[in-house]
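Here the structure is laid out as structure tokens; the discussion comes afterwards.
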Amino acid sequence: NAGVTQTPKFQVLKTGQSMTLQCAQDMNHEYMSWYRQDPGMGLRLIHYSVGAGITDQGEVPNGYNVSRSTTEDFPLRLLSAAPSQTSVYFCASSYSWSGRGYEQYFGPGTRLTVT
Amino acid sequence: GQNIDQPTEMTATEGAIVQINCTYQTSGFNGLFWYQQHAGEAPTFLSYNVLDGLEEKGRFSSFLSRSKGYSYLLLKELQMKDSASYLCAVMEEGNNRLAFGKGNQVVVIP
């Protein structure tokens, strides 16, 4: 198993540009989520999905869109990039959304800089 | 919502024991996770507690007291590779989300 994969690893965008961060998992996990990690802020949940066709907002959803058309893929779209979105983005998946099954498996991260 | 508090940094000597604390406030508790994150890498799972008491897994142990809103991670026989950030994350009842603390940076010195 490849686990959770993310592309790209690094990205530089100009303010106002849009892009999609890709995330895929091959563990047949139902639950997938996107976090951003900023210095001194910890991991903050952007959006999550409890299964194909179902998504919901996390703590910091503004400026981001998600969709979940398959169990495997959960792309994150930045609609119009802003410098405040400079961050490290982690995608994660878990077997379920309760109890021990909620153990998150994280992808390697995408380091995004918006100038 | 949750309020999760962790101290920010500690230094310890190779071979020693270090305890990393996490306090939380939540309206309904449904489990607590500890993750390890090396610099520039993704977090990896260490432990899960949902009942009061100590869970031991090799050199790492995690303790939970639900009445006190308190957990700690105990790292024994510290090794240089244990230098990392340790993240506490709380799952709130009825909520499909994990709330992470800011992490505690442990630096192991020879």
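Identifiers in this document derive from the order of the structure tokens: chains are assigned A, B, ..., residues are numbered from 1 separately in each chain, and ligands are numbered from 1 in order of occurrence.
The interface of chain A with chain B at 7 Å, considering only C-alpha atoms, consists of Gly40, Met41, Gly42, Leu43, Trp97, Gly99, Arg100, Glu103, Phe106, Gly107, Pro108 and Gly109 of chain A.
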Can those selected residues be exported to a file as a PDB file, in the first residue's frame so that it contains all heavy atoms?
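again_26.pdb, written as the output of this step:
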```pdb
ATOM      1  N   GLY A  40       3.211  27.781  15.305  1.00  0.00           N
ATOM      2  CA  GLY A  40       2.544  28.284  16.505  1.00  0.00           C
ATOM      3  C   GLY A  40       1.043  28.095  16.536  1.00  0.00           C
ATOM      4  O   GLY A  40       0.385  28.512  17.482  1.00  0.00           O
ATOM      5  N   MET A  41       0.481  27.460  15.474  1.00  0.00           N
ATOM      6  CA  MET A  41      -0.984  27.343  15.414  1.00  0.00           C
ATOM      7  C   MET A  41      -1.453  25.899  15.534  1.00  0.00           C
ATOM      8  O   MET A  41      -2.617  25.657  15.714  1.00  0.00           O
ATOM      9  CB  MET A  41      -1.506  27.916  14.096  1.00  0.00           C
ATOM     10  CG  MET A  41      -1.280  29.382  13.931  1.00  0.00           C
ATOM     11  SD  MET A  41      -2.224  30.335  15.117  1.00  0.00           S
ATOM     12  CE  MET A  41      -3.879  30.069  14.535  1.00  0.00           C
ATOM     13  N   GLY A  42      -0.586  24.948  15.380  1.00  0.00           N
ATOM     14  CA  GLY A  42      -1.040  23.567  15.376  1.00  0.00           C
ATOM     15  C   GLY A  42      -1.761  23.213  14.086  1.00  0.00           C
ATOM     16  O   GLY A  42      -1.855  24.016  13.158  1.00  0.00           O
ATOM     17  N   LEU A  43      -2.306  22.030  14.032  1.00  0.00           N
ATOM     18  CA  LEU A  43      -3.056  21.561  12.869  1.00  0.00           C
ATOM     19  C   LEU A  43      -4.497  22.038  12.973  1.00  0.00           C
ATOM     20  O   LEU A  43      -5.150  21.839  14.001  1.00  0.00           O
ATOM     21  CB  LEU A  43      -3.046  20.031  12.819  1.00  0.00           C
ATOM     22  CG  LEU A  43      -1.772  19.379  12.317  1.00  0.00           C
ATOM     23  CD1 LEU A  43      -1.702  17.932  12.787  1.00  0.00           C
ATOM     24  CD2 LEU A  43      -1.707  19.434  10.809  1.00  0.00           C
ATOM     25  N   TRP A  97     -14.824   7.223  11.754  1.00  0.00           N
ATOM     26  CA  TRP A  97     -14.815   8.512  12.443  1.00  0.00           C
ATOM     27  C   TRP A  97     -15.238   8.362  13.890  1.00  0.00           C
ATOM     28  O   TRP A  97     -15.823   9.245  14.483  1.00  0.00           O
ATOM     29  CB  TRP A  97     -15.705   9.519  11.714  1.00  0.00           C
ATOM     30  CG  TRP A  97     -17.072   9.036  11.426  1.00  0.00           C
ATOM     31  CD1 TRP A  97     -18.179   9.169  12.187  1.00  0.00           C
ATOM     32  CD2 TRP A  97     -17.475   8.307  10.261  1.00  0.00           C
ATOM     33  NE1 TRP A  97     -19.256   8.589  11.576  1.00  0.00           N
ATOM     34  CE2 TRP A  97     -18.852   8.040  10.393  1.00  0.00           C
ATOM     35  CE3 TRP A  97     -16.801   7.857   9.116  1.00  0.00           C
ATOM     36  CZ2 TRP A  97     -19.569   7.349   9.420  1.00  0.00           C
ATOM     37  CZ3 TRP A  97     -17.514   7.171   8.151  1.00  0.00           C
ATOM     38  CH2 TRP A  97     -18.879   6.924   8.311  1.00  0.00           C
ATOM     39  N   GLY A  99     -13.920   6.410  17.794  1.00  0.00           N
ATOM     40  CA  GLY A  99     -13.061   5.535  18.568  1.00  0.00           C
ATOM     41  C   GLY A  99     -11.683   5.368  17.979  1.00  0.00           C
ATOM     42  O   GLY A  99     -11.121   6.265  17.341  1.00  0.00           O
ATOM     43  N   ARG A 100     -11.132   4.179  18.220  1.00  0.00           N
ATOM     44  CA  ARG A 100      -9.773   3.871  17.793  1.00  0.00           C
ATOM     45  C   ARG A 100      -9.642   3.929  16.264  1.00  0.00           C
ATOM     46  O   ARG A 100      -8.560   4.197  15.740  1.00  0.00           O
ATOM     47  CB  ARG A 100      -9.408   2.484  18.337  1.00  0.00           C
ATOM     48  CG  ARG A 100      -8.040   1.966  17.960  1.00  0.00           C
ATOM     49  CD  ARG A 100      -6.941   2.774  18.595  1.00  0.00           C
ATOM     50  NE  ARG A 100      -5.645   2.179  18.348  1.00  0.00           N
ATOM     51  CZ  ARG A 100      -4.979   2.303  17.196  1.00  0.00           C
ATOM     52  NH1 ARG A 100      -5.501   3.011  16.211  1.00  0.00           N
ATOM     53  NH2 ARG A 100      -3.825   1.728  17.044  1.00  0.00           N
ATOM     54  N   GLU A 103      -7.946   6.880  14.108  1.00  0.00           N
ATOM     55  CA  GLU A 103      -6.515   7.128  13.941  1.00  0.00           C
ATOM     56  C   GLU A 103      -6.265   7.666  12.547  1.00  0.00           C
ATOM     57  O   GLU A 103      -6.630   7.050  11.545  1.00  0.00           O
ATOM     58  CB  GLU A 103      -5.719   5.829  14.132  1.00  0.00           C
ATOM     59  CG  GLU A 103      -4.247   5.956  13.813  1.00  0.00           C
ATOM     60  CD  GLU A 103      -3.555   4.608  13.733  1.00  0.00           C
ATOM     61  OE1 GLU A 103      -4.083   3.635  14.295  1.00  0.00           O
ATOM     62  OE2 GLU A 103      -2.493   4.545  13.086  1.00  0.00           O
ATOM     63  N   PHE A 106      -1.573  10.301   7.844  1.00  0.00           N
ATOM     64  CA  PHE A 106      -1.311  11.556   7.150  1.00  0.00           C
ATOM     65  C   PHE A 106      -0.476  11.340   5.888  1.00  0.00           C
ATOM     66  O   PHE A 106       0.414  10.473   5.855  1.00  0.00           O
ATOM     67  CB  PHE A 106      -0.552  12.512   8.068  1.00  0.00           C
ATOM     68  CG  PHE A 106      -1.406  13.140   9.124  1.00  0.00           C
ATOM     69  CD1 PHE A 106      -1.619  12.495  10.334  1.00  0.00           C
ATOM     70  CD2 PHE A 106      -2.008  14.370   8.911  1.00  0.00           C
ATOM     71  CE1 PHE A 106      -2.411  13.068  11.317  1.00  0.00           C
ATOM     72  CE2 PHE A 106      -2.799  14.957   9.885  1.00  0.00           C
ATOM     73  CZ  PHE A 106      -2.995  14.298  11.090  1.00  0.00           C
ATOM     74  N   GLY A 107      -0.749  12.157   4.886  1.00  0.00           N
ATOM     75  CA  GLY A 107       0.109  12.226   3.715  1.00  0.00           C
ATOM     76  C   GLY A 107       1.342  13.045   4.038  1.00  0.00           C
ATOM     77  O   GLY A 107       1.447  13.634   5.117  1.00  0.00           O
ATOM     78  N   PRO A 108       2.308  13.114   3.096  1.00  0.00           N
ATOM     79  CA  PRO A 108       3.585  13.782   3.369  1.00  0.00           C
ATOM     80  C   PRO A 108       3.501  15.304   3.391  1.00  0.00           C
ATOM     81  O   PRO A 108       4.447  15.961   3.826  1.00  0.00           O
ATOM     82  CB  PRO A 108       4.486  13.316   2.214  1.00  0.00           C
ATOM     83  CG  PRO A 108       3.530  12.990   1.118  1.00  0.00           C
ATOM     84  CD  PRO A 108       2.288  12.476   1.776  1.00  0.00           C
ATOM     85  N   GLY A 109       2.404  15.876   2.950  1.00  0.00           N
ATOM     86  CA  GLY A 109       2.229  17.321   3.012  1.00  0.00           C
ATOM     87  C   GLY A 109       2.558  18.028   1.712  1.00  0.00           C
ATOM     88  O   GLY A 109       3.343  17.533   0.892  1.00  0.00           O
TER      89      GLY A 109
END
```
| 6 Å contact set for stretch 78-83 of chain B, only C-alpha atoms, chain neighbours under 2 positions out, as a PyMOL selection string | chain B and resi 14-16+76+106-108
Please produce a file of those selected residues containing N, CA and C atoms, as a PDB file, in the first residue's frame.
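Final output, saved to part-v5.pdb:
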```pdb
ATOM      1  N   GLU B  14      19.582  12.256  26.614  1.00  0.00           N
ATOM      2  CA  GLU B  14      19.473  10.887  26.100  1.00  0.00           C
ATOM      3  C   GLU B  14      19.449   9.903  27.274  1.00  0.00           C
ATOM      4  N   GLY B  15      18.526   8.949  27.230  1.00  0.00           N
ATOM      5  CA  GLY B  15      18.419   7.952  28.294  1.00  0.00           C
ATOM      6  C   GLY B  15      17.460   8.344  29.403  1.00  0.00           C
ATOM      7  N   ALA B  16      17.079   9.610  29.451  1.00  0.00           N
ATOM      8  CA  ALA B  16      16.201  10.101  30.523  1.00  0.00           C
ATOM      9  C   ALA B  16      14.743   9.780  30.218  1.00  0.00           C
ATOM     10  N   LYS B  76      10.205   7.073  27.741  1.00  0.00           N
ATOM     11  CA  LYS B  76      11.263   6.510  28.573  1.00  0.00           C
ATOM     12  C   LYS B  76      12.489   6.200  27.721  1.00  0.00           C
ATOM     13  N   VAL B 106      10.124  18.481  21.800  1.00  0.00           N
ATOM     14  CA  VAL B 106      11.095  17.831  22.683  1.00  0.00           C
ATOM     15  C   VAL B 106      12.431  17.771  21.962  1.00  0.00           C
ATOM     16  N   VAL B 107      13.464  18.284  22.625  1.00  0.00           N
ATOM     17  CA  VAL B 107      14.810  18.243  22.079  1.00  0.00           C
ATOM     18  C   VAL B 107      15.631  17.320  22.973  1.00  0.00           C
ATOM     19  N   VAL B 108      16.187  16.267  22.389  1.00  0.00           N
ATOM     20  CA  VAL B 108      17.010  15.318  23.130  1.00  0.00           C
ATOM     21  C   VAL B 108      18.480  15.642  22.884  1.00  0.00           C
TER      22      VAL B 108
END
```
| message | Among stretch 28-70 of chain B, which residues does DSSP mark as strand (DSSP E or B) when it is run on the backbone? Keep the chain and numbering as in the structure and answer as a ChimeraX atom specification. | response | /B:29-37,44-49,53-57,60-65,70
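With distances restricted to only C-alpha atoms, B:Asn3 is the closest residue to B:Thr26 from B:Phe60, B:Asn3, B:Gly53, B:Ala84.
A straight line drawn from atom CA of A:Tyr105 to atom CA of A:Ala82 is 28.0 Å long.
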